[in-house]
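S.K.: Structure below; questions to follow.
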Amino acid sequence: MSNELIEKIVDSVLQGRRNKDDEGIEEGMAGEPGVAELVREALDSGIETNDILLNGLSRGMELVGEKYETGEYFIPDMLTAAEAVEAGMEIMEPHLVKEGTAGGKGKVIMATVEKDLHDIGKNLVSIMLKGAGFTVVDLGIDVPAKRIVEAVEEEGAGLVGLSALLNTTMSNMGEVVKELESKGLRDKVKVIIGGAPTSEDFAREIGADSYGKDAFAAIREAEKLLK
Amino acid sequence: MSERGITVNKPYERLSREEIKMIDRASLDLLEKPGVLCYHEESVNLLEEAGATAKKTREGEHDAWWVSIPEKVVKGALSTAPSKVTLGARNPENQVVLDAEGKRVHFGSGSETNYWLEVKPETFVSKEDNREVVFPVMTRKRGNLDYLVRSAHLAEQLENLDFFIRNVNVQDEDITTGNKDVNVFFAALNNITKPVVSGVADYGQLENVVKMAEIIAGGREELVKNPIVSFITSVIKSPLQIVAETAEKLIAIAKLGLPVVISTSPQGGSTAPIDEIGMVAQVNAEALAGITINQLANPGAPVIYGAVPVRARMDDLHDMYGVPEFCHYNMDCAQMARYYKVPCYSTAGVGDAKVPGIQAAIEKMYTYSAVPFAAPGLVHYAFGLLDKTQTFCPEQAVLDNHKIGMVKFLYRESGVSEESVERTKKIVEEVMHSPYRMYARYARGMLRRGEIFGGFPFEGESEDQDQTLLKVHEKLKALEAAEPQHLAEEQCRKIFSEIPGLLPRLNPYKEDK
Ligand code: B12
């Protein structure tokens with residue numbers, strides 16, 4: 001019984017269905033329970049949060065990743081699956097807090113730096129990190145260094161992810177690192193950067209810990225940094 | 001019913017109604033004066049009986065007739081020419097159904113290149129920095145039967161190829177004028193289940209070719225119903241001359257009731273005027289002359305308006321395909337054929353370039369996007385042709401298959417409807433109230449239904465080298481590995497015992513005997 005529910009959760013993640021109203025990859029699925037309903041049912045029937053998390057949501061996302069690797073899935077499929085995982089995590093959240101295991105793989109602050117409005121890539125990274133089991137606090141676009149550092153403090157995040165798409169705004173990433181230093185937070189939090197004009201060299205130059213060329217690299221690096 | 005080809009919903013109309021009428025007038029006037037110079041007595045007789053006037057003359061060693069064809073003879077012939085013609089196929093699902101008043105376009109190969117261009121990846125070491133680089137090395141080979149078999153087999157695999165015109169000329173030692181036609185027809189028919197369209201080199205072999213087709217189709221009547229072979233006759237030698245030998249074939253094919261393309265290929269600048277009106281008036285007159293003879297020989301016989309007007313290169317008078325004038329000529333002819341309600345055979349996708357590469361891609365994509373947009377029923381020369389039809393390259397054919405896929409996608413309908421408008425409003429509203437305001441979720445259905453174009457399938461990984469041809473080469477190998485769709489053993493046995501001149505090495509079942 002419990003296994004069956006977990007399998008259904010995996011399936012719904014693969015179909016990218018947040019809730020009963022969503023269509024899946026295959027059509028004609030609207031109306032059937034989605035990840036949100038299934039997770040609630042699983043919790044109600046006493047299945048352990050760990051089981052739901054690892055064998056349901058994470059397992060589903062792993063399979064999605066495999067399908068992407070083999071060319072069966074595309075980015076829209078990954079994003080939709082990640083959204084479905086996120087919908088499940090929202091239902092799980094109060095339970096995880098109660099159990100003291102909230103945060104999953106760790107907490108990440110994401111932001112596009114000041115004066116930069118580009119957010120497609122940053123959103124992709126945020127959604128995929130959530131799908132991979134991280135808790136993401138996304139501050140949006142055009143976020144001043146001060147605000148980012150405040151959020152790190154408030155949220156007690158272990159990682160800051162910064163995005164910039166303009167060579168005129170990428171220097172603002174360095175400002176964030178300096179601000180963290182001046183607030184004495186630099187050794188408490190890791191910094192990862194990304195966006196087309198940035199690079200590994202640039203990350204080193206401004207004193208960030210890591211650089212990710214795409215959302216998959218972002219997940220890999222975040223897993224390393226928050227180990 | 002066959003679903004081959006693609007519908008061009010609103011065909012591009014370069015010519016206005018008035019312009020069409022003016023060209024029609026000009027062509028009819030030309031057919032009356034100066035008229036055509038006809039070298040074929042039987043054709044002259046047919047035309048005279050219908051009301052034309054002929055005056056005997058002598059051209060070098062040959063008898064010839066100046067034939068003045070009045071409008072009523074041409075219009076009479078056009079009135080019996082059917083507007084619907086079916087090109088049959090071994091697999092009836094692959095039939096090409098042509099409707100002069102419809103808008104369906106089909107793409108095919110062609111036509112008898114002397115060379116086959118082989119592509120082989122080889123590794124080189126840079127003298128600059130000792131870097132190893134893999135480059136495609138190309139070698140031009142003389143066409144032969146093996147290559148013809150390979151190209152027919154490849155044509156079967158290419159999903160955007162709708163009809164097959166043989167694309168390599170065979171120059172094997174054991175091929176003679178007397179056995180060429182039966183062997184090339186067999187090589188094609190034994191490897192492809194799509195329509196086979198072809199010229200006949202030797203009039204004496206027409207009977208054997210038709211007999212072979214009858215054995216495959218299951219009899220004469222079945223062949224007429226499902227004409228798995230259709231013919232091309234280049235009955236015109238531009239300007240406005242009717243060739244004796246081809247006219248003879250044309251009349252024989254008309255009497256058999258099998259589809260035939262009247263193909264005329266004047267070169268603007270040498271054998272036709274280079275300007276648009278001049279070229280189109282003449283090529284149109286030539287096509288009409290051919291259709292007239294065909295219909296007089298057998299009223300109602302399936303016939304196709306084949307115009308292959310090309311432009312001359314100004315430095316050496318070779319044909320030129322990847323140029324704007326070529327598109328103008330051909331788009332105009334498609335409109336003329338539609339005006340006469342006769343299915344049209346047109347051309348796109350020949351590279352003037354000698355090898356696959358940037359020049360070829362530009363030239364091919366240019367005519368692919370222009371000519372088919374005028375919705376001729378058939379677009380030939382569309383696969384693998386390079387060096388102004390001198391060379392066939394199978395890798396190029398695979399690439400062209402992709403380009404034609406792009407062109408077909410381009411002509412898709414817009415999808416605007418009451419329902420889609422409502423759906424759009426709902427989706428936008430949903431997305432506006434979602435956290436990241438992204439539409440990715442809604443792309444999936446279309447992706448799965450094949451409604452999102454797949455992009456370029458031969459993209460390389462290298463940051464500093466074009467690897468397209470290397471990728472295409474891999475794809476070609478995979479396509480060539482597919483099981484051939486040979487004729488049944490019984491059919492082959494019958495064909496080899498009843499048709500003289502076939503080379504035993506073409507028989508796929510010979511080991512079993
Ligand atoms: C879309 C776009 C816009 C949109 C943005 C819409 C939106 N919601 O984001 C709009 C129209 C608003 C826009 C505006 C401008 N743009 Co703009 N824009 C682009 C464009 C075409 C695509 C960017 C994109 O979304 N890519 C797709 C995503 C998926 O890729 P990505 O962002 O690189 O993200 C991936 C990785 O980089 C990485 N990543 C990204 N962030 C992070 C973060 C972390 C932590 C990690 C690990 C990884 C990571 O993972 C992502 C997923 O794989 C680029 C061209 C280009 N090729 O990049 C120009 C481009 C970035 N824009 C440019 C310019 C100049 C502008 C404008 C100044 C134009 C103008 N004159 O108004 C304005 C500036 C506005 C501003 N103040 O920011 C230039 C920048 C030149 C430069 N090097 O500085 C570019 C490169 C275009 C060009 N070639 O000229 N733009």
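Naming scheme: A, B, ... for chains in displayed order of the structure tokens; residues 1 onward per chain; ligands 1 onward as shown.
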List as a list in words the protein and nucleic acid residues near range 45-54 of chain A, meaning an atom at most 8 Å away when only C-alpha atoms are counted, but skip any in the same chain fewer than 5 places from it.

M.R.: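 Residues meeting the cut-off are Ser2, Ile6, Val39, Arg59, Met92, His95 and Leu96 of chain A.
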
S.K.: Could you please extract the residues within 8 Å of ligand 1, counting only C-alpha atoms and all ligand atoms, and hand them back as a ChimeraX atom specification?

M.R.: /A:110-112,115-125,142,160-169,192-198,210-219,221

S.K.: Go through B:Glu430, B:Glu245, B:Asp332, B:Glu461 and flag the residue nearest chain A, using only C-alpha atoms for the distances.

M.R.: B:Glu430

S.K.: Can you work out which residues from chain A touch chain B at a cut-off of 10 Å (counting only C-alpha atoms) and hand them back as a list in words?

M.R.: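 Every residue of chain A that passes the 10 Å test is in Gly16, Arg17, Asp22, Glu23, Gly24, Ile25, Glu26, Glu27, Tyr73, Phe74, Ile75, Pro76, Asp77, Met78, Leu79, Thr80, Ala81, Glu83, Asp119, Ile120, Asn123, Leu124, Ser126, Ile127, Asp138 and Gly140 of chain A.
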
S.K.: Between B:Gly268, B:Gly377, B:Pro82, B:Gly290, which one has atoms that come closest to Ser234 in chain B, using only C-alpha atoms?

M.R.: B:Gly290

S.K.: Just to confirm, what's the straight-line distance from CA of Gly207 in chain A to CA of Thr135 in chain A in Å (one decimal)?

M.R.: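 Computing the Euclidean distance for CA of Gly207 in chain A and CA of Thr135 in chain A yields 24.1 Å.
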
S.K.: Could you work out how far CA of Glu489 in chain B lies from CA of Leu502 in chain B, giving the answer in Å with one decimal?

M.R.: 15.4 Å

S.K.: When you look at Ala360 in chain B with a cut-off of 10 Å (counting only C-alpha atoms), what residues show up, excluding the ones that are within fewer than 2 positions of it in the same chain? I need them as a list of chain:residue names.

M.R.: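 Within the cut-off, the hits are B:Gly322, B:Gly349, B:Val350, B:Gly351, B:Asp352, B:Ala353, B:Lys354, B:Val355, B:Pro356, B:Gly357, B:Ile358, B:Ile362, B:Glu363, B:Lys364, B:Met365, B:Tyr366, B:Gly384, B:Leu385, B:Leu386, B:Asp387, B:Gln396.
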
S.K.: Go ahead and write the residues just picked, C-alpha atoms, as an mmCIF file, in the first residue's frame.

M.R.:
```cif
data_model
loop_
_atom_site.group_PDB
_atom_site.id
_atom_site.type_symbol
_atom_site.label_atom_id
_atom_site.label_comp_id
_atom_site.auth_asym_id
_atom_site.auth_seq_id
_atom_site.Cartn_x
_atom_site.Cartn_y
_atom_site.Cartn_z
ATOM 1 C CA GLY B 322 20.984 28.852 -56.517
ATOM 2 C CA GLY B 349 17.528 22.389 -53.947
ATOM 3 C CA VAL B 350 20.305 21.952 -56.467
ATOM 4 C CA GLY B 351 23.643 23.233 -55.245
ATOM 5 C CA ASP B 352 25.894 24.933 -57.728
ATOM 6 C CA ALA B 353 28.574 24.186 -55.141
ATOM 7 C CA LYS B 354 30.748 21.161 -55.885
ATOM 8 C CA VAL B 355 30.801 19.802 -52.333
ATOM 9 C CA PRO B 356 28.611 19.973 -49.224
ATOM 10 C CA GLY B 357 29.378 23.061 -47.188
ATOM 11 C CA ILE B 358 28.519 26.684 -46.755
ATOM 12 C CA ILE B 362 23.030 28.780 -48.880
ATOM 13 C CA GLU B 363 22.040 27.858 -52.426
ATOM 14 C CA LYS B 364 19.867 24.957 -51.440
ATOM 15 C CA MET B 365 18.049 26.625 -48.577
ATOM 16 C CA TYR B 366 17.378 29.596 -50.825
ATOM 17 C CA GLY B 384 21.862 15.442 -52.602
ATOM 18 C CA LEU B 385 22.525 17.265 -55.861
ATOM 19 C CA LEU B 386 25.697 19.300 -56.163
ATOM 20 C CA ASP B 387 27.857 20.805 -58.865
ATOM 21 C CA GLN B 396 24.180 15.860 -48.763
#
```

S.K.: Between B:Glu422, B:Asp400, B:Asp275, B:Glu214, which is the closest to Gln491 in chain B once you count only C-alpha atoms?

M.R.: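 Counting only C-alpha atoms, the residue closest to Gln491 in chain B is B:Glu214.
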